[in-house]
>>> print(open('coords-v7.pdb').read())   # PDB, C-alpha atoms
ATOM      1  CA  MET A   1      12.329-194.724-105.774
ATOM      2  CA  ASP A   2       9.449-193.022-104.005
ATOM      3  CA  SER A   3      11.541-191.616-101.165
ATOM      4  CA  VAL A   4      14.231-190.277-103.539
ATOM      5  CA  ILE A   5      11.616-188.405-105.615
ATOM      6  CA  ARG A   6       9.861-187.089-102.488
ATOM      7  CA  MET A   7      13.144-185.765-101.094
ATOM      8  CA  ALA A   8      14.184-184.200-104.406
ATOM      9  CA  VAL A   9      10.820-182.419-104.785
ATOM     10  CA  VAL A  10      10.859-181.136-101.197
ATOM     11  CA  TYR A  11      14.476-179.994-101.596
ATOM     12  CA  LEU A  12      13.738-178.012-104.768
ATOM     13  CA  VAL A  13      10.529-176.470-103.384
ATOM     14  CA  LEU A  14      12.257-175.404-100.159
ATOM     15  CA  LEU A  15      15.212-174.030-102.132
ATOM     16  CA  VAL A  16      12.972-171.794-104.253
ATOM     17  CA  LEU A  17      10.577-170.816-101.435
ATOM     18  CA  LEU A  18      13.314-169.843 -99.010
ATOM     19  CA  ARG A  19      15.345-168.088-101.705
ATOM     20  CA  PHE A  20      12.463-165.714-102.421
ATOM     21  CA  SER A  21      11.070-165.329 -98.920
ATOM     22  CA  GLY A  22      13.574-162.581 -98.097
ATOM     23  CA  LYS A  23      16.961-163.376 -96.622
ATOM     24  CA  ARG A  24      16.376-160.942 -93.796
ATOM     25  CA  THR A  25      13.513-163.153 -92.551
ATOM     26  CA  ILE A  26      15.910-166.053 -92.122
ATOM     27  CA  ALA A  27      18.771-164.031 -90.632
ATOM     28  CA  SER A  28      16.812-162.110 -87.994
ATOM     29  CA  ILE A  29      15.214-165.067 -86.291
ATOM     30  CA  ASP A  30      13.273-164.458 -83.076
ATOM     31  CA  THR A  31      11.389-166.863 -80.800
ATOM     32  CA  PHE A  32       8.261-166.879 -82.956
ATOM     33  CA  ASP A  33      10.278-167.458 -86.144
ATOM     34  CA  PHE A  34      12.023-170.330 -84.382
ATOM     35  CA  VAL A  35       8.677-171.963 -83.582
ATOM     36  CA  LEU A  36       7.569-171.456 -87.216
ATOM     37  CA  LEU A  37      10.802-173.091 -88.364
ATOM     38  CA  LEU A  38      10.041-176.117 -86.176
ATOM     39  CA  ILE A  39       6.547-176.373 -87.672
ATOM     40  CA  VAL A  40       7.977-176.180 -91.215
ATOM     41  CA  SER A  41      10.521-178.896 -90.414
ATOM     42  CA  GLU A  42       7.830-181.128 -88.881
ATOM     43  CA  ALA A  43       5.539-180.733 -91.927
ATOM     44  CA  THR A  44       8.483-181.342 -94.256
ATOM     45  CA  GLN A  45       9.567-184.439 -92.368
ATOM     46  CA  GLN A  46       6.134-186.009 -92.767
ATOM     47  CA  ALA A  47       6.030-185.183 -96.477
ATOM     48  CA  ILE A  48       9.452-186.765 -96.988
ATOM     49  CA  LEU A  49       9.060-189.923 -94.914
ATOM     50  CA  GLY A  50       5.312-190.510 -95.314
ATOM     51  CA  SER A  51       4.365-193.543 -93.285
ATOM     52  CA  ASP A  52       7.594-195.393 -94.058
ATOM     53  CA  TYR A  53       9.769-195.262 -90.945
ATOM     54  CA  SER A  54      12.223-197.933 -92.117
ATOM     55  CA  LEU A  55      15.992-197.552 -91.843
ATOM     56  CA  THR A  56      16.265-198.011 -95.635
ATOM     57  CA  ASN A  57      13.944-195.049 -96.254
ATOM     58  CA  ALA A  58      15.867-192.875 -93.766
ATOM     59  CA  LEU A  59      19.205-193.764 -95.388
ATOM     60  CA  LEU A  60      17.838-193.136 -98.904
ATOM     61  CA  THR A  61      16.445-189.774 -97.826
ATOM     62  CA  ILE A  62      19.693-188.709 -96.153
ATOM     63  CA  GLY A  63      21.708-189.896 -99.165
ATOM     64  CA  THR A  64      19.489-187.962-101.580
ATOM     65  CA  ILE A  65      19.652-184.713 -99.606
ATOM     66  CA  ILE A  66      23.437-184.895 -99.225
ATOM     67  CA  LEU A  67      23.929-185.663-102.936
ATOM     68  CA  LEU A  68      21.602-182.821-103.978
ATOM     69  CA  ASN A  69      23.380-180.417-101.660
ATOM     70  CA  ILE A  70      26.822-181.398-102.967
ATOM     71  CA  GLY A  71      25.512-181.072-106.545
ATOM     72  CA  LEU A  72      24.144-177.615-105.818
ATOM     73  CA  SER A  73      27.394-176.432-104.217
ATOM     74  CA  ILE A  74      29.394-177.716-107.204
ATOM     75  CA  TRP A  75      27.036-175.909-109.591
ATOM     76  CA  LYS A  76      27.409-172.695-107.574
ATOM     77  CA  GLN A  77      31.178-173.036-107.629
ATOM     78  CA  LYS A  78      31.283-173.655-111.387
ATOM     79  CA  SER A  79      28.863-170.891-112.342
ATOM     80  CA  VAL A  80      29.339-167.435-110.823
ATOM     81  CA  ALA A  81      26.046-166.253-112.333
ATOM     82  CA  PHE A  82      24.101-169.156-110.811
ATOM     83  CA  ASP A  83      25.805-168.556-107.462
ATOM     84  CA  LYS A  84      24.658-164.914-107.499
ATOM     85  CA  TYR A  85      21.055-165.763-108.363
ATOM     86  CA  ALA A  86      20.922-168.691-105.936
ATOM     87  CA  GLU A  87      22.605-166.981-103.003
ATOM     88  CA  ASP A  88      21.767-163.320-103.677
ATOM     89  CA  VAL A  89      24.240-160.421-103.746
ATOM     90  CA  PRO A  90      25.153-157.750-101.174
ATOM     91  CA  MET A  91      23.404-154.377-101.347
ATOM     92  CA  VAL A  92      24.278-151.012 -99.839
ATOM     93  CA  LEU A  93      21.524-149.682 -97.566
ATOM     94  CA  VAL A  94      23.243-146.614 -96.065
ATOM     95  CA  GLN A  95      25.797-144.472 -97.881
ATOM     96  CA  ASP A  96      27.725-141.751 -95.994
ATOM     97  CA  GLY A  97      25.082-141.621 -93.259
ATOM     98  CA  GLU A  98      22.238-141.293 -95.788
ATOM     99  CA  PRO A  99      19.694-144.120 -95.780
ATOM    100  CA  LEU A 100      18.710-145.387 -99.262
ATOM    101  CA  GLN A 101      15.007-145.546 -98.438
ATOM    102  CA  ASP A 102      13.784-147.381-101.544
ATOM    103  CA  ARG A 103      16.247-150.201-100.931
ATOM    104  CA  LEU A 104      15.362-150.347 -97.239
ATOM    105  CA  ASP A 105      11.670-150.653 -98.140
ATOM    106  CA  ARG A 106      12.223-153.302-100.812
ATOM    107  CA  SER A 107      14.375-155.357 -98.423
ATOM    108  CA  ARG A 108      11.942-154.876 -95.518
ATOM    109  CA  VAL A 109      14.766-153.561 -93.321
ATOM    110  CA  GLY A 110      14.100-150.736 -90.844
ATOM    111  CA  LEU A 111      16.534-147.983 -89.874
ATOM    112  CA  ASP A 112      16.210-149.161 -86.263
ATOM    113  CA  GLU A 113      17.638-152.548 -87.313
ATOM    114  CA  ILE A 114      20.618-150.850 -88.944
ATOM    115  CA  LEU A 115      21.235-148.701 -85.859
ATOM    116  CA  GLN A 116      20.983-151.786 -83.649
ATOM    117  CA  GLU A 117      23.567-153.615 -85.753
ATOM    118  CA  ALA A 118      25.749-150.508 -85.718
ATOM    119  CA  ARG A 119      25.604-150.265 -81.916
ATOM    120  CA  LEU A 120      26.204-153.988 -81.410
ATOM    121  CA  ALA A 121      29.047-154.396 -83.897
ATOM    122  CA  GLN A 122      30.760-150.999 -83.923
ATOM    123  CA  GLY A 123      29.519-149.037 -80.911
ATOM    124  CA  VAL A 124      28.147-146.408 -83.294
ATOM    125  CA  GLU A 125      25.738-143.911 -81.696
ATOM    126  CA  ARG A 126      24.162-142.061 -84.655
ATOM    127  CA  LEU A 127      23.255-142.693 -88.274
ATOM    128  CA  ASP A 128      25.616-140.003 -89.527
ATOM    129  CA  GLN A 129      28.540-141.943 -88.037
ATOM    130  CA  ILE A 130      27.872-144.819 -90.458
ATOM    131  CA  LYS A 131      29.798-144.728 -93.731
ATOM    132  CA  TRP A 132      28.335-147.908 -95.192
ATOM    133  CA  ALA A 133      25.615-150.281 -94.086
ATOM    134  CA  VAL A 134      25.351-153.365 -96.294
ATOM    135  CA  LEU A 135      22.704-156.078 -96.458
ATOM    136  CA  GLU A 136      24.913-159.136 -96.936
ATOM    137  CA  ARG A 137      24.170-162.306 -98.920
ATOM    138  CA  ASN A 138      23.219-164.233 -95.782
ATOM    139  CA  GLY A 139      20.726-161.547 -94.716
ATOM    140  CA  SER A 140      22.888-160.022 -91.983
ATOM    141  CA  ILE A 141      23.746-156.309 -91.921
ATOM    142  CA  SER A 142      27.381-155.217 -91.836
ATOM    143  CA  ILE A 143      28.434-151.734 -90.777
ATOM    144  CA  VAL A 144      31.456-149.690 -91.797
ATOM    145  CA  PRO A 145      31.740-146.624 -89.524
ATOM    146  CA  LYS A 146      33.202-143.297 -90.629
ATOM    147  CA  GLN A 147      36.820-142.834 -89.636
TER
ATOM    148  CA  MET B 148      30.887-156.686-113.231
ATOM    149  CA  PRO B 149      29.011-154.895-110.453
ATOM    150  CA  GLU B 150      26.464-152.473-111.800
ATOM    151  CA  ASP B 151      26.817-150.021-108.958
ATOM    152  CA  THR B 152      30.334-149.106-107.890
ATOM    153  CA  TYR B 153      31.226-147.038-104.880
ATOM    154  CA  GLU B 154      34.481-145.175-104.668
ATOM    155  CA  GLY B 155      36.989-147.356-102.848
ATOM    156  CA  PHE B 156      34.335-149.721-101.545
ATOM    157  CA  ASP B 157      34.470-153.137-103.181
ATOM    158  CA  VAL B 158      31.083-154.452-102.082
ATOM    159  CA  GLY B 159      30.148-156.502-105.174
ATOM    160  CA  GLU B 160      26.658-155.069-105.456
ATOM    161  CA  GLU B 161      24.616-156.018-108.532
ATOM    162  CA  MET B 162      21.220-154.374-108.711
ATOM    163  CA  ARG B 163      20.287-156.549-111.728
ATOM    164  CA  VAL B 164      20.348-159.633-109.494
ATOM    165  CA  LYS B 165      18.520-157.756-106.734
ATOM    166  CA  ARG B 166      15.735-156.751-109.097
ATOM    167  CA  VAL B 167      15.278-160.400-110.140
ATOM    168  CA  THR B 168      15.122-161.312-106.441
ATOM    169  CA  TRP B 169      12.467-158.677-105.714
ATOM    170  CA  ARG B 170      10.425-159.805-108.712
ATOM    171  CA  GLY B 171      10.765-163.388-107.485
ATOM    172  CA  GLU B 172       9.500-162.344-104.045
ATOM    173  CA  VAL B 173       6.384-160.764-105.590
ATOM    174  CA  VAL B 174       5.756-163.818-107.804
ATOM    175  CA  GLU B 175       6.181-166.105-104.784
ATOM    176  CA  MET B 176       3.731-164.043-102.713
ATOM    177  CA  VAL B 177       1.121-164.079-105.487
ATOM    178  CA  LEU B 178       1.552-167.819-106.116
ATOM    179  CA  LEU B 179       1.391-168.687-102.419
ATOM    180  CA  SER B 180      -1.742-166.542-102.001
ATOM    181  CA  LEU B 181      -3.378-168.309-104.964
ATOM    182  CA  ILE B 182      -2.417-171.726-103.600
ATOM    183  CA  ILE B 183      -3.779-170.918-100.133
ATOM    184  CA  ALA B 184      -6.995-169.448-101.584
ATOM    185  CA  SER B 185      -7.441-172.578-103.748
ATOM    186  CA  ALA B 186      -6.814-174.776-100.711
ATOM    187  CA  LEU B 187      -9.486-172.869 -98.761
ATOM    188  CA  ALA B 188     -11.888-173.342-101.666
ATOM    189  CA  GLY B 189     -11.178-177.084-101.616
ATOM    190  CA  LEU B 190      -8.976-177.569-104.677
ATOM    191  CA  PHE B 191      -6.678-179.803-102.618
ATOM    192  CA  GLY B 192      -9.446-181.685-100.820
ATOM    193  CA  SER B 193     -12.155-181.058 -98.192
ATOM    194  CA  GLY B 194     -13.882-177.881 -99.310
ATOM    195  CA  PRO B 195     -16.751-176.629-101.479
ATOM    196  CA  LEU B 196     -14.890-177.284-104.750
ATOM    197  CA  SER B 197     -14.033-180.810-103.695
ATOM    198  CA  SER B 198     -17.344-181.990-102.313
ATOM    199  CA  GLN B 199     -19.266-183.845-105.001
ATOM    200  CA  THR B 200     -22.708-185.446-104.950
ATOM    201  CA  ARG B 201     -24.176-187.452-107.789
ATOM    202  CA  SER B 202     -27.500-189.306-107.961
ATOM    203  CA  SER B 203     -29.015-191.919-110.203
ATOM    204  CA  GLU B 204     -32.556-193.161-109.722
ATOM    205  CA  GLY B 205     -32.586-193.149-105.936
ATOM    206  CA  LEU B 206     -28.899-194.016-105.517
ATOM    207  CA  GLN B 207     -26.884-191.057-104.218
ATOM    208  CA  VAL B 208     -23.129-190.941-103.713
ATOM    209  CA  GLU B 209     -21.273-188.155-101.924
ATOM    210  CA  TRP B 210     -17.455-188.037-102.071
ATOM    211  CA  GLU B 211     -14.390-185.812-102.301
ATOM    212  CA  ARG B 212     -13.380-185.070-105.882
ATOM    213  CA  PHE B 213      -9.880-184.021-104.806
ATOM    214  CA  GLN B 214      -8.078-186.433-102.538
ATOM    215  CA  ARG B 215      -4.559-186.898-101.237
ATOM    216  CA  LEU B 216      -2.395-189.978-101.281
ATOM    217  CA  GLU B 217      -2.656-192.000 -98.062
ATOM    218  CA  ARG B 218      -5.119-189.533 -96.509
ATOM    219  CA  PRO B 219      -8.384-191.221 -95.491
ATOM    220  CA  THR B 220     -11.602-189.776 -96.885
ATOM    221  CA  SER B 221     -15.297-190.679 -96.640
ATOM    222  CA  MET B 222     -17.694-191.784 -99.326
ATOM    223  CA  ARG B 223     -21.371-191.679 -98.340
ATOM    224  CA  VAL B 224     -23.797-193.865-100.280
ATOM    225  CA  ARG B 225     -27.580-193.541 -99.940
ATOM    226  CA  TYR B 226     -29.504-196.336-101.562
ATOM    227  CA  PRO B 227     -33.208-197.145-101.962
ATOM    228  CA  VAL B 228     -34.677-200.212-100.283
ATOM    229  CA  SER B 229     -37.143-202.412-102.126
ATOM    230  CA  ALA B 230     -39.539-204.783-100.407
ATOM    231  CA  ASP B 231     -38.547-207.879-102.351
ATOM    232  CA  SER B 232     -34.733-208.017-101.948
ATOM    233  CA  ALA B 233     -32.013-207.037 -99.468
ATOM    234  CA  PRO B 234     -30.279-203.749-100.366
ATOM    235  CA  ARG B 235     -27.039-204.311-102.199
ATOM    236  CA  VAL B 236     -24.251-201.867-103.082
ATOM    237  CA  THR B 237     -21.843-203.025-105.780
ATOM    238  CA  ILE B 238     -18.532-201.310-106.466
ATOM    239  CA  ASP B 239     -16.223-202.191-109.329
ATOM    240  CA  ARG B 240     -12.880-203.697-108.409
ATOM    241  CA  SER B 241     -10.859-200.560-109.239
ATOM    242  CA  ILE B 242     -11.630-199.413-105.732
ATOM    243  CA  LEU B 243      -9.647-202.334-104.353
ATOM    244  CA  GLN B 244      -6.671-201.512-106.580
ATOM    245  CA  ASP B 245      -6.588-197.741-106.169
ATOM    246  CA  TRP B 246      -8.021-197.311-102.648
ATOM    247  CA  ARG B 247      -7.851-199.153 -99.362
ATOM    248  CA  ILE B 248     -11.233-199.648 -97.690
ATOM    249  CA  GLU B 249     -10.578-198.854 -94.039
ATOM    250  CA  SER B 250     -14.080-199.344 -92.710
ATOM    251  CA  ILE B 251     -17.721-199.655 -93.733
ATOM    252  CA  GLU B 252     -20.406-198.204 -91.447
ATOM    253  CA  PRO B 253     -22.821-199.872 -90.853
ATOM    254  CA  GLN B 254     -21.091-203.177 -91.479
ATOM    255  CA  PRO B 255     -22.598-205.218 -94.335
ATOM    256  CA  GLU B 256     -24.285-208.508 -93.559
ATOM    257  CA  LYS B 257     -22.472-210.102 -96.460
ATOM    258  CA  ALA B 258     -19.692-209.237 -98.920
ATOM    259  CA  GLU B 259     -19.448-210.980-102.272
ATOM    260  CA  SER B 260     -16.600-210.766-104.730
ATOM    261  CA  SER B 261     -16.845-211.425-108.457
ATOM    262  CA  ASP B 262     -14.379-211.051-111.341
ATOM    263  CA  ASP B 263     -14.939-207.349-111.802
ATOM    264  CA  SER B 264     -16.783-206.107-108.729
ATOM    265  CA  VAL B 265     -17.371-206.458-105.032
ATOM    266  CA  SER B 266     -20.906-206.380-103.556
ATOM    267  CA  TYR B 267     -22.045-205.534-100.063
ATOM    268  CA  VAL B 268     -25.434-206.676 -98.822
ATOM    269  CA  PHE B 269     -26.979-204.661 -95.996
ATOM    270  CA  GLY B 270     -29.813-205.304 -93.590
ATOM    271  CA  ALA B 271     -32.798-202.948 -93.741
ATOM    272  CA  ALA B 272     -35.285-201.980 -91.058
ATOM    273  CA  GLU B 273     -38.819-203.053 -91.872
ATOM    274  CA  GLY B 274     -40.669-200.403 -93.822
ATOM    275  CA  ALA B 275     -37.534-198.298 -94.461
ATOM    276  CA  ALA B 276     -37.522-196.567 -97.853
ATOM    277  CA  GLY B 277     -33.767-196.151 -97.995
ATOM    278  CA  GLY B 278     -30.468-196.783 -96.262
ATOM    279  CA  GLU B 279     -27.133-195.092 -95.915
ATOM    280  CA  VAL B 280     -23.596-196.440 -95.687
ATOM    281  CA  VAL B 281     -20.281-194.652 -95.176
ATOM    282  CA  PHE B 282     -17.081-196.067 -96.665
ATOM    283  CA  GLU B 283     -13.826-194.825 -95.137
ATOM    284  CA  ILE B 284     -11.347-195.132 -97.992
ATOM    285  CA  THR B 285      -7.681-194.214 -98.387
ATOM    286  CA  PRO B 286      -6.229-193.554-101.854
ATOM    287  CA  ARG B 287      -3.047-195.502-102.529
ATOM    288  CA  LYS B 288      -2.364-194.359-106.094
ATOM    289  CA  MET B 289      -1.891-190.843-107.475
ATOM    290  CA  GLY B 290      -3.587-189.183-110.433
ATOM    291  CA  SER B 291      -7.055-189.475-111.934
ATOM    292  CA  ARG B 292      -8.890-192.518-110.561
ATOM    293  CA  SER B 293     -12.452-193.716-110.853
ATOM    294  CA  PHE B 294     -14.837-196.530-110.031
ATOM    295  CA  SER B 295     -18.566-197.097-110.272
ATOM    296  CA  VAL B 296     -21.066-197.582-107.459
ATOM    297  CA  GLU B 297     -24.170-199.539-108.303
ATOM    298  CA  SER B 298     -27.347-200.463-106.501
ATOM    299  CA  ASP B 299     -30.572-202.090-107.661
ATOM    300  CA  ALA B 300     -31.748-198.607-108.632
ATOM    301  CA  GLY B 301     -28.903-197.132-110.652
ATOM    302  CA  THR B 302     -25.193-196.566-111.205
ATOM    303  CA  VAL B 303     -23.019-193.606-110.234
ATOM    304  CA  GLU B 304     -19.562-193.044-111.680
ATOM    305  CA  VAL B 305     -17.188-191.811-108.963
ATOM    306  CA  GLY B 306     -14.110-189.939-110.174
ATOM    307  CA  ALA B 307     -11.374-188.378-108.081
ATOM    308  CA  PHE B 308      -8.021-186.734-108.558
ATOM    309  CA  VAL B 309      -5.469-187.946-106.029
ATOM    310  CA  TYR B 310      -2.655-185.506-105.190
ATOM    311  CA  PRO B 311       0.756-186.878-104.199
TER
END
>>> encode(input="coords-v7.pdb", output="C-alpha cells")
Amino acid sequence: MDSVIRMAVVYLVLLVLLRFSGKRTIASIDTFDFVLLLIVSEATQQAILGSDYSLTNALLTIGTIILLNIGLSIWKQKSVAFDKYAEDVPMVLVQDGEPLQDRLDRSRVGLDEILQEARLAQGVERLDQIKWAVLERNGSISIVPKQ
Amino acid sequence: MPEDTYEGFDVGEEMRVKRVTWRGEVVEMVLLSLIIASALAGLFGSGPLSSQTRSSEGLQVEWERFQRLERPTSMRVRYPVSADSAPRVTIDRSILQDWRIESIEPQPEKAESSDDSVSYVFGAAEGAAGGEVVFEITPRKMGSRSFSVESDAGTVEVGAFVYP
C-alpha cells in the first residue's frame, strides 16, 4: 500500500509542478537543464522506492505510474476543458512581423529564440519576414513565414 | 471557442487558459519560495525551528522537533550524577514502537526492560557531577509522536512531528 501511495503522491506533485514551471523550460533543454533533470529524477526515485528495493515494490510502482498515466490520458480525451488546462494552449507571439512583447515577457521567451527557430526551421533572415510565431502546447516555437 | 481569432489562422489560442497558467506559475513560485524558506528555518527538520531543548531538575534533553520518516536523528540527554547510585536514563516504550534506536553513545553498562519502559544504566567517572549520552534514533512512523525521558532527577516529555 505504501509504495502505491508514494507513487501517486509523487506523480500528482510532479504533474502540478511541471505544469506550472513554464513549458518553455522543459522544451528548451540545455546541458545544465539536463543535469538538473537527472538530479530531480534521482531525488524522485529515492522518494518513491525508499529503502525497499524489492521486485514487488518495483512492479507495484511501475503498475501505479502506468495506471495513473492511462487514467490521466483518458480524462484528457474525455474532457476538452481539462485537456486545455492540463496541457496548455498555443499562443501567438509574433503577428505580421510585430512581436507581442507582453506575451513574450509572460512566457519568458526572447526575440532571439524566435529568430533562431525561424532560421532553423524556415531559413528566415529577419523578424519582418515572419507572419506568425506561435508558442505551442509542448513549449516549442513554430514559425509561419510570410509568402 | 478560442477567445482570440486571427484572420485565416486557426491556431486555437485561448487567453483565458493562458491567464490561469500564468497565475498558476506565480502561485507556484510563491509556494516554492515559502517552502524553501521554511526548510531553511528548520520546519522540515535540522534548523533553528526544529531544534528543541527541554530541562527538568538537572535532566536536559535536546532533540529535533521536526523529523522525517526513516531519516536518522540524534537525541542528546544530559543527566545529573548522584553519589549513591549509578546514573540511569529511563525512556517509555513508545520509543521502541515509533523509533528505531540505532546506537547509544557511550554504550550503557546495562539495559533493563519493564512493561512500560526501558532503562539504561551508565557508568560515571568518580566525582563527575553529570553525564551525557547521545541516542541515534530513526523514526519509523509518521505524524505526531512522543515519549518521556526520565532520570533520577526529573522527567522530560519529548514530542516530535514526523514527516512522510
>>> interface_residues(input="coords-v7.pdb", of="chain B", to="chain A", cutoff="8 Å", atoms="all atoms listed in the file", output="list in words")
Val158, Gly159, Glu160, Glu161, Met162, Val164, Lys165, Thr168, Trp169, Gly171, Glu172 and Glu175 of chain B
>>> atom_distance(input="coords-v7.pdb", atom1="CA of Val268 (chain B)", atom2="CA of Glu211 (chain B)")
23.9 Å
>>> residues_around(input="coords-v7.pdb", residues="Val10 (chain A)", least_positions_apart="4", cutoff="9 Å", atoms="all atoms listed in the file", output="number ranges by chain")
A: 5-6, 14-15, 44, 47-48
>>> residues_around(input="coords-v7.pdb", residues="region 250-258 of chain B", least_positions_apart="5", cutoff="6 Å", atoms="only C-alpha atoms", output="list in words")
Ser266, Tyr267, Val268, Phe269, Val280, Val281, Phe282 and Glu283 of chain B
>>> atom_distance(input="coords-v7.pdb", atom1="CA of Ser79 (chain A)", atom2="CA of Val13 (chain A)")
21.2 Å
>>> atom_distance(input="coords-v7.pdb", atom1="CA of Val208 (chain B)", atom2="CA of Phe191 (chain B)")
19.9 Å
>>> residues_around(input="coords-v7.pdb", residues="Leu111 (chain A)", least_positions_apart="5", cutoff="9 Å", atoms="all atoms listed in the file", output="short mmCIF file (atom, residue, chain, number, x, y, z; two decimals) with C-alpha atoms, in the frame of the given file")
data_model
loop_
_atom_site.label_atom_id
_atom_site.label_comp_id
_atom_site.auth_asym_id
_atom_site.auth_seq_id
_atom_site.Cartn_x
_atom_site.Cartn_y
_atom_site.Cartn_z
CA PRO A 99 19.69 -144.12 -95.78
CA LEU A 104 15.36 -150.35 -97.24
CA GLN A 116 20.98 -151.79 -83.65
CA LEU A 127 23.26 -142.69 -88.27
#
>>> closest_residue(input="coords-v7.pdb", among="B:Ala300, B:Ala272, B:Ile284, B:Val236", to="Glu217 (chain B)", atoms="only C-alpha atoms")
B:Ile284
